[in-house]
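Visitor: I'd like to ask some things about the structure below.
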Amino acid sequence: MLEKINALREEIASATASGPEEVEQLRIKYLSKKGAVSALMADFRNVPADQKREVGQKINELKTFATEKINGLKDSFAVAEDASLDEIDLTRTATPGVVGTRHPLSIVKNEMLRIFASMGFTIAEGPEIEDDWHVFESLNFPPDHPARDMQDTFFISRNPVDVLLRTHTSSVQTRVMEKTQPPIRIVCPGRVYRNEAISARAHCFFHQVEGLYIDKDVSFADLKQVLLGFARQMFGPETKIRLRPSYFPFTEPSAEMDISCDICGGKGCAFCKGTGWVEILGCGMVDPNVLKACGIDPEVYTGYAFGMGIERITNLKYKVKDLRMFSENDVRFLREFEAAH
Ligand code: PHE
C-alpha cells in the first residue's frame, strides 16, 4: 500500500499540462470520486489495523499534495489568460479614486482674496521668520510694548538683531512700502505666530489676511466702504457693520469692526453673548510715523490698513467651535467641507 502511494505521488509530481483542459483532466484522473486517490481510500479498509495510522496519514498527505499541484497548474494558466490583451476591457470605467478636499482655511482664504481682488487689491507675501524692524520698529511699536516680550512673541535669536516669528502680516506691508511708492493696494495672507497656550480659543499659530491702501486723499470713509463691501460679500447682503474706537501703534485713528451676528440676525444670542454683534477685525488710518519709516511722504499720501484672522472668519462662517480642529487634520472634519469649494 505504501509503495502504491509513493508511486502515485511521483506520477503526480511529474504530471504536466499544456492548457486548462488538460489540468481538468488531471483533476478528474486523481481527485474526482472515481480518481486514483479516492481508489486508495477505498482500499484503506483492507490495511491491517496496526498500519492504518501511518497509511491514513500518507493518503491525506498525497491528497493535499495532488490538490496543490493541480491548483498550481490551474493558476499558471489563469495568469497567462489575464495577461492576454484581448481579455482586458478598456471601455470599463476606472474604480473612482478618493479625492481630497481643500482645507477649510484655504477655502475661506481663497474666498477672501477673491473678494478683495474684485475691489482692486493684489496679493503680497513675505517671510514668516522676520526681524524686529519689519514686525515692530517700522510699525511704530514703542520699545517697551508688551508684544516685544517673550511672553507674546517667539524669538529665534536676540543677537546681534532680534530674529523672530512674525506676529502679524503687517510686516509684509512694511516690506512692500519700503520698495514701492504709492499707489499701493495689497492684501497679505499668511501664517503668524504668538506665544499662547493652546486651547479651543487660542493657538500658537494662526492665519491672517491684512490689507493696505495708500494713495493721495485716502480717507476713513474709503476704508469703511471697502470693509462693508467685504462683509456683505462674505456673510450675505443683509450684513451690517459697526466700528468701535480702538488702539494699534501703527494706525491713527484705529478701530475694531463688528458685524451683525449672522446666527440670530442681530437680535442677541449665546454666540454673540446677547449683543447682536461679533468682532471680526482691526483697522485704521496708517500712522504718519509708519509712512515716514518706510520712505513714503505723509504730507502727500494717506492710507488705511486692516487685518483679520482667517480662523475667526471661518469660525463665523462654518460655526467651528474649537480652533484646534484646524490643525489636527481629522479627515472626518475636513470632509465636511467637500461641498464648500
Ligand atoms: N496687525 C493687527 C493684528 O495683528 C491687525 C491690524 C492690521 C489692525 C491693520 C489695524 C490695522 O492684530
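Identifiers in this document derive from the order of the C-alpha cells: chains are assigned A, B, ..., residues are numbered from 1 separately in each chain, and ligands are numbered from 1 in order of occurrence.
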Which chains and residue numbers are within 6 Å of ligand 1, counting only C-alpha atoms and all ligand atoms, if I want them as a ChimeraX atom specification?
Guide: /A:168,170,210,282-284,305-307
Visitor: DSSP on the backbone, then: every residue of stretch 152-313 of chain A marked helix (DSSP H, G or I), written as a ChimeraX atom specification.
Guide: /A:170-179,220-235,288-293,310-313
Visitor: Please, could you write that set of residues out with C-alpha atoms as a PDB file, in the first residue's frame?
Guide:
```
ATOM      1  CA  SER A 170       1.711  93.797   8.785  1.00  0.00           C
ATOM      2  CA  SER A 171       5.428  93.047   8.293  1.00  0.00           C
ATOM      3  CA  VAL A 172       4.658  92.261   4.650  1.00  0.00           C
ATOM      4  CA  GLN A 173       3.072  95.708   4.306  1.00  0.00           C
ATOM      5  CA  THR A 174       6.300  97.264   5.600  1.00  0.00           C
ATOM      6  CA  ARG A 175       8.316  95.265   3.069  1.00  0.00           C
ATOM      7  CA  VAL A 176       6.113  96.454   0.210  1.00  0.00           C
ATOM      8  CA  MET A 177       6.129 100.121   1.370  1.00  0.00           C
ATOM      9  CA  GLU A 178       9.943 100.061   1.625  1.00  0.00           C
ATOM     10  CA  LYS A 179      10.244  99.098  -2.009  1.00  0.00           C
ATOM     11  CA  PHE A 220     -11.588 106.757   6.644  1.00  0.00           C
ATOM     12  CA  ALA A 221     -14.824 106.722   4.599  1.00  0.00           C
ATOM     13  CA  ASP A 222     -12.996 104.741   1.874  1.00  0.00           C
ATOM     14  CA  LEU A 223     -11.910 102.215   4.494  1.00  0.00           C
ATOM     15  CA  LYS A 224     -15.427 101.837   5.810  1.00  0.00           C
ATOM     16  CA  GLN A 225     -16.840 101.313   2.331  1.00  0.00           C
ATOM     17  CA  VAL A 226     -14.335  98.591   1.448  1.00  0.00           C
ATOM     18  CA  LEU A 227     -14.964  96.777   4.748  1.00  0.00           C
ATOM     19  CA  LEU A 228     -18.734  96.984   4.278  1.00  0.00           C
ATOM     20  CA  GLY A 229     -18.342  95.563   0.764  1.00  0.00           C
ATOM     21  CA  PHE A 230     -16.187  92.750   2.114  1.00  0.00           C
ATOM     22  CA  ALA A 231     -18.586  91.897   4.982  1.00  0.00           C
ATOM     23  CA  ARG A 232     -21.599  91.746   2.669  1.00  0.00           C
ATOM     24  CA  GLN A 233     -19.879  89.554   0.092  1.00  0.00           C
ATOM     25  CA  MET A 234     -18.517  87.255   2.773  1.00  0.00           C
ATOM     26  CA  PHE A 235     -21.527  86.999   5.097  1.00  0.00           C
ATOM     27  CA  PRO A 288       2.283 109.040   9.573  1.00  0.00           C
ATOM     28  CA  ASN A 289       5.262 107.632  11.524  1.00  0.00           C
ATOM     29  CA  VAL A 290       4.875 104.326   9.686  1.00  0.00           C
ATOM     30  CA  LEU A 291       4.795 106.011   6.273  1.00  0.00           C
ATOM     31  CA  LYS A 292       7.888 108.031   7.212  1.00  0.00           C
ATOM     32  CA  ALA A 293       9.771 104.938   8.437  1.00  0.00           C
ATOM     33  CA  ILE A 310      -8.818  83.630   8.758  1.00  0.00           C
ATOM     34  CA  GLU A 311      -9.698  81.200  11.582  1.00  0.00           C
ATOM     35  CA  ARG A 312     -12.082  83.762  13.066  1.00  0.00           C
ATOM     36  CA  ILE A 313     -13.857  84.319   9.734  1.00  0.00           C
TER      37      ILE A 313
END
```
Visitor: Let's see if you can do this: from backbone DSSP, list all strand (DSSP E) residues in stretch 201-242 of chain A, as an MDAnalysis selection string.
Guide: chainID A and resid 205:215 241:242
Visitor: Emit the selected residues as an mmCIF file, in the first residue's frame, including N, CA, C and O atoms.
Guide:
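Written file, selection.cif:
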```cif
data_model
loop_
_atom_site.group_PDB
_atom_site.id
_atom_site.type_symbol
_atom_site.label_atom_id
_atom_site.label_comp_id
_atom_site.auth_asym_id
_atom_site.auth_seq_id
_atom_site.Cartn_x
_atom_site.Cartn_y
_atom_site.Cartn_z
ATOM 1 N N PHE A 205 -0.206 79.343 16.551
ATOM 2 C CA PHE A 205 -0.130 79.948 15.217
ATOM 3 C C PHE A 205 -1.533 80.059 14.649
ATOM 4 O O PHE A 205 -2.429 79.306 15.038
ATOM 5 N N PHE A 206 -1.728 81.029 13.791
ATOM 6 C CA PHE A 206 -2.997 81.157 13.069
ATOM 7 C C PHE A 206 -2.724 81.908 11.773
ATOM 8 O O PHE A 206 -1.555 82.121 11.418
ATOM 9 N N HIS A 207 -3.764 82.252 11.054
ATOM 10 C CA HIS A 207 -3.569 82.838 9.722
ATOM 11 C C HIS A 207 -4.303 84.167 9.621
ATOM 12 O O HIS A 207 -5.360 84.346 10.225
ATOM 13 N N GLN A 208 -3.706 85.076 8.868
ATOM 14 C CA GLN A 208 -4.300 86.395 8.729
ATOM 15 C C GLN A 208 -4.418 86.791 7.261
ATOM 16 O O GLN A 208 -3.668 86.306 6.414
ATOM 17 N N VAL A 209 -5.328 87.710 7.013
ATOM 18 C CA VAL A 209 -5.293 88.487 5.775
ATOM 19 C C VAL A 209 -5.301 89.940 6.226
ATOM 20 O O VAL A 209 -6.200 90.369 6.962
ATOM 21 N N GLU A 210 -4.251 90.668 5.863
ATOM 22 C CA GLU A 210 -4.221 92.095 6.185
ATOM 23 C C GLU A 210 -4.246 92.886 4.883
ATOM 24 O O GLU A 210 -3.738 92.419 3.863
ATOM 25 N N GLY A 211 -4.820 94.075 4.931
ATOM 26 C CA GLY A 211 -4.927 94.890 3.720
ATOM 27 C C GLY A 211 -4.296 96.257 3.927
ATOM 28 O O GLY A 211 -4.199 96.745 5.069
ATOM 29 N N LEU A 212 -3.835 96.857 2.831
ATOM 30 C CA LEU A 212 -3.226 98.185 2.899
ATOM 31 C C LEU A 212 -3.548 98.945 1.619
ATOM 32 O O LEU A 212 -3.417 98.401 0.522
ATOM 33 N N TYR A 213 -3.994 100.188 1.791
ATOM 34 C CA TYR A 213 -4.220 101.039 0.612
ATOM 35 C C TYR A 213 -3.603 102.395 0.884
ATOM 36 O O TYR A 213 -3.942 103.054 1.871
ATOM 37 N N ILE A 214 -2.669 102.809 0.053
ATOM 38 C CA ILE A 214 -2.034 104.127 0.215
ATOM 39 C C ILE A 214 -2.079 104.867 -1.119
ATOM 40 O O ILE A 214 -1.713 104.310 -2.166
ATOM 41 N N ASP A 215 -2.571 106.090 -1.046
ATOM 42 C CA ASP A 215 -2.638 106.927 -2.256
ATOM 43 C C ASP A 215 -2.871 108.361 -1.790
ATOM 44 O O ASP A 215 -2.920 108.634 -0.577
ATOM 45 N N ILE A 241 -22.372 96.497 9.584
ATOM 46 C CA ILE A 241 -21.086 96.617 10.278
ATOM 47 C C ILE A 241 -21.141 97.763 11.290
ATOM 48 O O ILE A 241 -21.971 98.678 11.180
ATOM 49 N N ARG A 242 -20.249 97.686 12.266
ATOM 50 C CA ARG A 242 -20.149 98.778 13.234
ATOM 51 C C ARG A 242 -18.671 98.938 13.609
ATOM 52 O O ARG A 242 -17.958 97.935 13.755
#
```
Visitor: Please list as a compact mmCIF listing (two decimals) with N, CA and C atoms, in the first residue's frame every residue within 7 Å of A:Met285, counting only C-alpha atoms and excluding residues in the same chain fewer than 5 positions away.
Guide:
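Output (around.txt):
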```txt
# COMPACT_ATOMS: atom_id res chain seq x y z
N PHE A 220 -10.97 107.78 5.80
CA PHE A 220 -11.59 106.76 6.64
C PHE A 220 -12.89 106.24 6.01
N THR A 251 -1.72 102.53 13.49
CA THR A 251 -2.82 103.26 12.86
C THR A 251 -3.33 104.36 13.80
N GLU A 252 -3.78 105.44 13.18
CA GLU A 252 -4.33 106.55 13.97
C GLU A 252 -5.28 107.36 13.10
N PRO A 253 -6.57 107.42 13.33
CA PRO A 253 -7.26 106.68 14.40
C PRO A 253 -7.36 105.19 14.08
N SER A 254 -7.64 104.40 15.13
CA SER A 254 -7.79 102.94 14.98
C SER A 254 -9.21 102.53 15.36
N GLY A 303 -3.28 106.69 3.98
CA GLY A 303 -3.68 105.32 3.66
C GLY A 303 -4.42 104.67 4.81
N TYR A 304 -5.05 103.55 4.50
CA TYR A 304 -5.68 102.79 5.57
C TYR A 304 -5.13 101.37 5.58
N ALA A 305 -5.31 100.70 6.71
CA ALA A 305 -4.89 99.29 6.84
C ALA A 305 -5.95 98.55 7.64
```
Visitor: Using only C-alpha atoms, can you tell me which of A:Leu62, A:Ala270, A:Val300, A:Val278 comes closest to A:Thr239?
Guide: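 Closest residue, counting only C-alpha atoms: A:Val278.
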Visitor: So that I can check the surroundings of stretch 75-78 of chain A, please list as number ranges by chain every protein, DNA and RNA residue that reaches within 9 Å of it, counting only C-alpha atoms and ignoring chain neighbours fewer than 6 positions away.
Guide: A: 18-20
Visitor: Quick one: write out the picked residues with C-alpha atoms as a compact mmCIF listing (two decimals), in the first residue's frame?
Guide:
```
# COMPACT_ATOMS: atom_id res chain seq x y z
CA SER A 18 -0.42 22.27 -21.83
CA GLY A 19 -3.73 24.05 -21.16
CA PRO A 20 -6.61 24.41 -18.70
```
Visitor: Provide the atom CA of A:Ala117 to atom CA of A:Tyr193 distance in Å, to one decimal place.
Guide: 25.7 Å
